[in-house]
Amino acid sequence: MLDGFTRRVLAWRVSITLEADFCIEAVEEALARHGKPEIFNTDQGSQFTSTTFIKVLAAREIKVSMDGKGAWRDNVFVERLWRTVKYEEVCLRAYARVSEAREEDRPISERLQHPPSAFIA
């Protein structure tokens, strides 16, 4: 989750599936740490349009806004963050398995050579 105004990372998870569980975990962590936003904006990925994900937001009376098709500008900061993670972490370390990346002992914000401003406190 990224705060759209400050562009700070509030919580995040990585998954190799399109299940909603990892997204729900990140949302619940961000809500616990940072409180309830007025609006939650997301793309139309299946994990974000799932009933279980929408119920988490609806239960807290959070308005949901979903980007339209081709609305890349709405998601540009999230895409930039994951581009950095991909090229400065995943490609450089050439993990053989997902479990190897998860076993790292330092947070990803400390492992990136040029962390995006979203990670800088």
# chains A, B, ... in the order shown; residues from 1 in each chain; ligands from 1

$ closest_atom_pairs --of "range 33-81 of chain A" --to "range 7-29 of chain A" --cutoff "7 Å" --atoms "only C-alpha atoms" --output "JSON lines"
{"residue": "A:Arg33", "atom": "CA", "partner": "A:Glu29", "partner_atom": "CA", "distance": 6.2}
{"residue": "A:Ser46", "atom": "CA", "partner": "A:Leu18", "partner_atom": "CA", "distance": 6.7}
{"residue": "A:Gln47", "atom": "CA", "partner": "A:Ala20", "partner_atom": "CA", "distance": 4.3}
{"residue": "A:Phe48", "atom": "CA", "partner": "A:Ala20", "partner_atom": "CA", "distance": 6.8}
{"residue": "A:Ser50", "atom": "CA", "partner": "A:Ala20", "partner_atom": "CA", "distance": 6.9}
{"residue": "A:Phe53", "atom": "CA", "partner": "A:Ile24", "partner_atom": "CA", "distance": 6.0}

$ write_last_selection --atoms "N, CA and C atoms" --output "PDB file, in the first residue's frame"
ATOM      1  N   ARG A  33      -1.430   0.322  11.427  1.00  0.00           N
ATOM      2  CA  ARG A  33      -0.320   1.258  11.654  1.00  0.00           C
ATOM      3  C   ARG A  33      -0.682   2.720  11.388  1.00  0.00           C
ATOM      4  N   SER A  46      -7.469  -9.145 -10.112  1.00  0.00           N
ATOM      5  CA  SER A  46      -8.432 -10.058  -9.493  1.00  0.00           C
ATOM      6  C   SER A  46      -8.321 -10.098  -7.975  1.00  0.00           C
ATOM      7  N   GLN A  47      -7.118  -9.898  -7.444  1.00  0.00           N
ATOM      8  CA  GLN A  47      -6.977  -9.909  -5.991  1.00  0.00           C
ATOM      9  C   GLN A  47      -7.659  -8.700  -5.352  1.00  0.00           C
ATOM     10  N   PHE A  48      -7.754  -7.591  -6.068  1.00  0.00           N
ATOM     11  CA  PHE A  48      -8.379  -6.383  -5.532  1.00  0.00           C
ATOM     12  C   PHE A  48      -9.885  -6.332  -5.775  1.00  0.00           C
ATOM     13  N   SER A  50     -11.736  -9.102  -5.659  1.00  0.00           N
ATOM     14  CA  SER A  50     -12.332 -10.269  -4.998  1.00  0.00           C
ATOM     15  C   SER A  50     -13.273  -9.822  -3.880  1.00  0.00           C
ATOM     16  N   PHE A  53     -11.525  -9.280  -0.445  1.00  0.00           N
ATOM     17  CA  PHE A  53     -10.765  -8.037  -0.335  1.00  0.00           C
ATOM     18  C   PHE A  53     -11.705  -6.841  -0.156  1.00  0.00           C
TER      19      PHE A  53
END

$ select_by_dssp --residues "chain A" --states "helix (DSSP H, G or I)" --output "JSON, numbers by chain"
{"A": [21, 22, 23, 24, 25, 26, 27, 28, 29, 30, 31, 32, 33, 34, 46, 47, 48, 49, 51, 52, 53, 54, 55, 56, 57, 58, 59, 72, 73, 74, 75, 76, 77, 78, 79, 80, 81, 82, 83, 84, 85, 86, 87, 88, 89, 90, 91, 92, 93, 98, 99, 100, 101, 102, 108, 109, 110, 111, 117, 118, 119]}

$ write_last_selection --atoms "C-alpha atoms" --output "PDB file, in the first residue's frame"
ATOM      1  CA  ASP A  21      -4.794 -13.153   1.025  1.00  0.00           C
ATOM      2  CA  PHE A  22      -1.453 -11.366   0.784  1.00  0.00           C
ATOM      3  CA  CYS A  23      -3.183  -8.126  -0.208  1.00  0.00           C
ATOM      4  CA  ILE A  24      -5.568  -8.400   2.725  1.00  0.00           C
ATOM      5  CA  GLU A  25      -2.621  -8.900   5.093  1.00  0.00           C
ATOM      6  CA  ALA A  26      -0.938  -5.751   3.752  1.00  0.00           C
ATOM      7  CA  VAL A  27      -4.152  -3.707   3.978  1.00  0.00           C
ATOM      8  CA  GLU A  28      -4.797  -4.816   7.548  1.00  0.00           C
ATOM      9  CA  GLU A  29      -1.204  -3.994   8.537  1.00  0.00           C
ATOM     10  CA  ALA A  30      -1.432  -0.528   6.969  1.00  0.00           C
ATOM     11  CA  LEU A  31      -4.782   0.160   8.623  1.00  0.00           C
ATOM     12  CA  ALA A  32      -3.436  -0.916  12.017  1.00  0.00           C
ATOM     13  CA  ARG A  33      -0.320   1.258  11.654  1.00  0.00           C
ATOM     14  CA  HIS A  34      -1.677   4.308   9.857  1.00  0.00           C
ATOM     15  CA  SER A  46      -8.432 -10.058  -9.493  1.00  0.00           C
ATOM     16  CA  GLN A  47      -6.977  -9.909  -5.991  1.00  0.00           C
ATOM     17  CA  PHE A  48      -8.379  -6.383  -5.532  1.00  0.00           C
ATOM     18  CA  THR A  49     -11.804  -7.095  -7.028  1.00  0.00           C
ATOM     19  CA  THR A  51     -15.240 -10.340  -2.579  1.00  0.00           C
ATOM     20  CA  THR A  52     -12.981 -11.048   0.394  1.00  0.00           C
ATOM     21  CA  PHE A  53     -10.765  -8.037  -0.335  1.00  0.00           C
ATOM     22  CA  ILE A  54     -13.694  -5.663  -0.901  1.00  0.00           C
ATOM     23  CA  LYS A  55     -15.331  -6.874   2.345  1.00  0.00           C
ATOM     24  CA  VAL A  56     -12.267  -5.804   4.351  1.00  0.00           C
ATOM     25  CA  LEU A  57     -12.615  -2.254   3.055  1.00  0.00           C
ATOM     26  CA  ALA A  58     -16.423  -2.185   3.219  1.00  0.00           C
ATOM     27  CA  ALA A  59     -16.409  -3.360   6.852  1.00  0.00           C
ATOM     28  CA  TRP A  72      -1.433   3.903 -16.033  1.00  0.00           C
ATOM     29  CA  ARG A  73      -0.926   7.384 -14.586  1.00  0.00           C
ATOM     30  CA  ASP A  74      -3.012   6.460 -11.553  1.00  0.00           C
ATOM     31  CA  ASN A  75      -0.621   3.643 -10.704  1.00  0.00           C
ATOM     32  CA  VAL A  76       2.702   5.119 -11.811  1.00  0.00           C
ATOM     33  CA  PHE A  77       4.238   5.398  -8.314  1.00  0.00           C
ATOM     34  CA  VAL A  78       3.472   1.785  -7.435  1.00  0.00           C
ATOM     35  CA  GLU A  79       4.815   0.623 -10.801  1.00  0.00           C
ATOM     36  CA  ARG A  80       8.013   2.624 -10.272  1.00  0.00           C
ATOM     37  CA  LEU A  81       8.499   1.098  -6.828  1.00  0.00           C
ATOM     38  CA  TRP A  82       8.176  -2.473  -8.178  1.00  0.00           C
ATOM     39  CA  ARG A  83      10.437  -1.651 -11.130  1.00  0.00           C
ATOM     40  CA  THR A  84      13.130  -0.644  -8.649  1.00  0.00           C
ATOM     41  CA  VAL A  85      12.610  -3.806  -6.607  1.00  0.00           C
ATOM     42  CA  LYS A  86      12.793  -5.927  -9.753  1.00  0.00           C
ATOM     43  CA  TYR A  87      15.969  -4.438 -11.209  1.00  0.00           C
ATOM     44  CA  GLU A  88      17.891  -3.637  -8.021  1.00  0.00           C
ATOM     45  CA  GLU A  89      16.984  -6.711  -6.010  1.00  0.00           C
ATOM     46  CA  VAL A  90      15.507  -9.617  -7.942  1.00  0.00           C
ATOM     47  CA  CYS A  91      17.569  -9.392 -11.130  1.00  0.00           C
ATOM     48  CA  LEU A  92      20.869  -8.615  -9.376  1.00  0.00           C
ATOM     49  CA  ARG A  93      20.554 -11.428  -6.853  1.00  0.00           C
ATOM     50  CA  VAL A  98      10.969 -17.416  -4.063  1.00  0.00           C
ATOM     51  CA  SER A  99      11.833 -18.884  -0.665  1.00  0.00           C
ATOM     52  CA  GLU A 100      15.406 -17.573  -1.043  1.00  0.00           C
ATOM     53  CA  ALA A 101      14.165 -14.009  -1.354  1.00  0.00           C
ATOM     54  CA  ARG A 102      11.882 -14.430   1.647  1.00  0.00           C
ATOM     55  CA  ILE A 108      14.275  -4.752   1.151  1.00  0.00           C
ATOM     56  CA  SER A 109      14.506  -1.014   1.850  1.00  0.00           C
ATOM     57  CA  GLU A 110      18.027  -1.653   3.211  1.00  0.00           C
ATOM     58  CA  ARG A 111      19.079  -3.931   0.342  1.00  0.00           C
ATOM     59  CA  SER A 117      11.819   8.010  -1.874  1.00  0.00           C
ATOM     60  CA  ALA A 118       8.830   5.952  -0.736  1.00  0.00           C
ATOM     61  CA  PHE A 119      11.153   3.896   1.476  1.00  0.00           C
TER      62      PHE A 119
END

$ select_by_dssp --residues "chain A" --states "strand (DSSP E or B)" --output "list of chain:residue names"
A:Leu2, A:Val9, A:Ile39, A:Phe40, A:Asn41, A:Thr42, A:Lys63, A:Val64, A:Ser65, A:Met66

$ write_last_selection --atoms "N, CA and C atoms" --output "PDB file, in the first residue's frame"
ATOM      1  N   LEU A   2       0.494   2.167  -0.801  1.00  0.00           N
ATOM      2  CA  LEU A   2       1.231   3.409  -0.946  1.00  0.00           C
ATOM      3  C   LEU A   2       0.283   4.551  -0.638  1.00  0.00           C
ATOM      4  N   VAL A   9       5.443   4.127   1.407  1.00  0.00           N
ATOM      5  CA  VAL A   9       4.978   2.750   1.504  1.00  0.00           C
ATOM      6  C   VAL A   9       4.410   2.550   2.897  1.00  0.00           C
ATOM      7  N   ILE A  39     -10.411   7.065   0.989  1.00  0.00           N
ATOM      8  CA  ILE A  39     -10.562   6.341  -0.277  1.00  0.00           C
ATOM      9  C   ILE A  39      -9.391   5.391  -0.458  1.00  0.00           C
ATOM     10  N   PHE A  40      -9.680   4.191  -0.957  1.00  0.00           N
ATOM     11  CA  PHE A  40      -8.654   3.220  -1.298  1.00  0.00           C
ATOM     12  C   PHE A  40      -8.678   3.067  -2.810  1.00  0.00           C
ATOM     13  N   ASN A  41      -7.583   3.444  -3.471  1.00  0.00           N
ATOM     14  CA  ASN A  41      -7.502   3.347  -4.926  1.00  0.00           C
ATOM     15  C   ASN A  41      -6.659   2.150  -5.315  1.00  0.00           C
ATOM     16  N   THR A  42      -7.108   1.420  -6.310  1.00  0.00           N
ATOM     17  CA  THR A  42      -6.376   0.252  -6.774  1.00  0.00           C
ATOM     18  C   THR A  42      -6.650   0.023  -8.256  1.00  0.00           C
ATOM     19  N   LYS A  63     -14.203   3.980   1.107  1.00  0.00           N
ATOM     20  CA  LYS A  63     -14.633   4.051  -0.284  1.00  0.00           C
ATOM     21  C   LYS A  63     -13.568   3.425  -1.182  1.00  0.00           C
ATOM     22  N   VAL A  64     -14.021   2.713  -2.210  1.00  0.00           N
ATOM     23  CA  VAL A  64     -13.106   2.041  -3.126  1.00  0.00           C
ATOM     24  C   VAL A  64     -13.154   2.738  -4.483  1.00  0.00           C
ATOM     25  N   SER A  65     -11.981   3.059  -5.016  1.00  0.00           N
ATOM     26  CA  SER A  65     -11.851   3.655  -6.335  1.00  0.00           C
ATOM     27  C   SER A  65     -10.952   2.734  -7.152  1.00  0.00           C
ATOM     28  N   MET A  66     -11.426   2.310  -8.307  1.00  0.00           N
ATOM     29  CA  MET A  66     -10.617   1.440  -9.163  1.00  0.00           C
ATOM     30  C   MET A  66     -10.265   2.148 -10.460  1.00  0.00           C
TER      31      MET A  66
END

$ atom_distance --atom1 "CA of Tyr95 in chain A" --atom2 "CA of Gly45 in chain A"
25.6 Å

$ atom_distance --atom1 "CA of Asp43 in chain A" --atom2 "CA of Asp67 in chain A"
4.9 Å
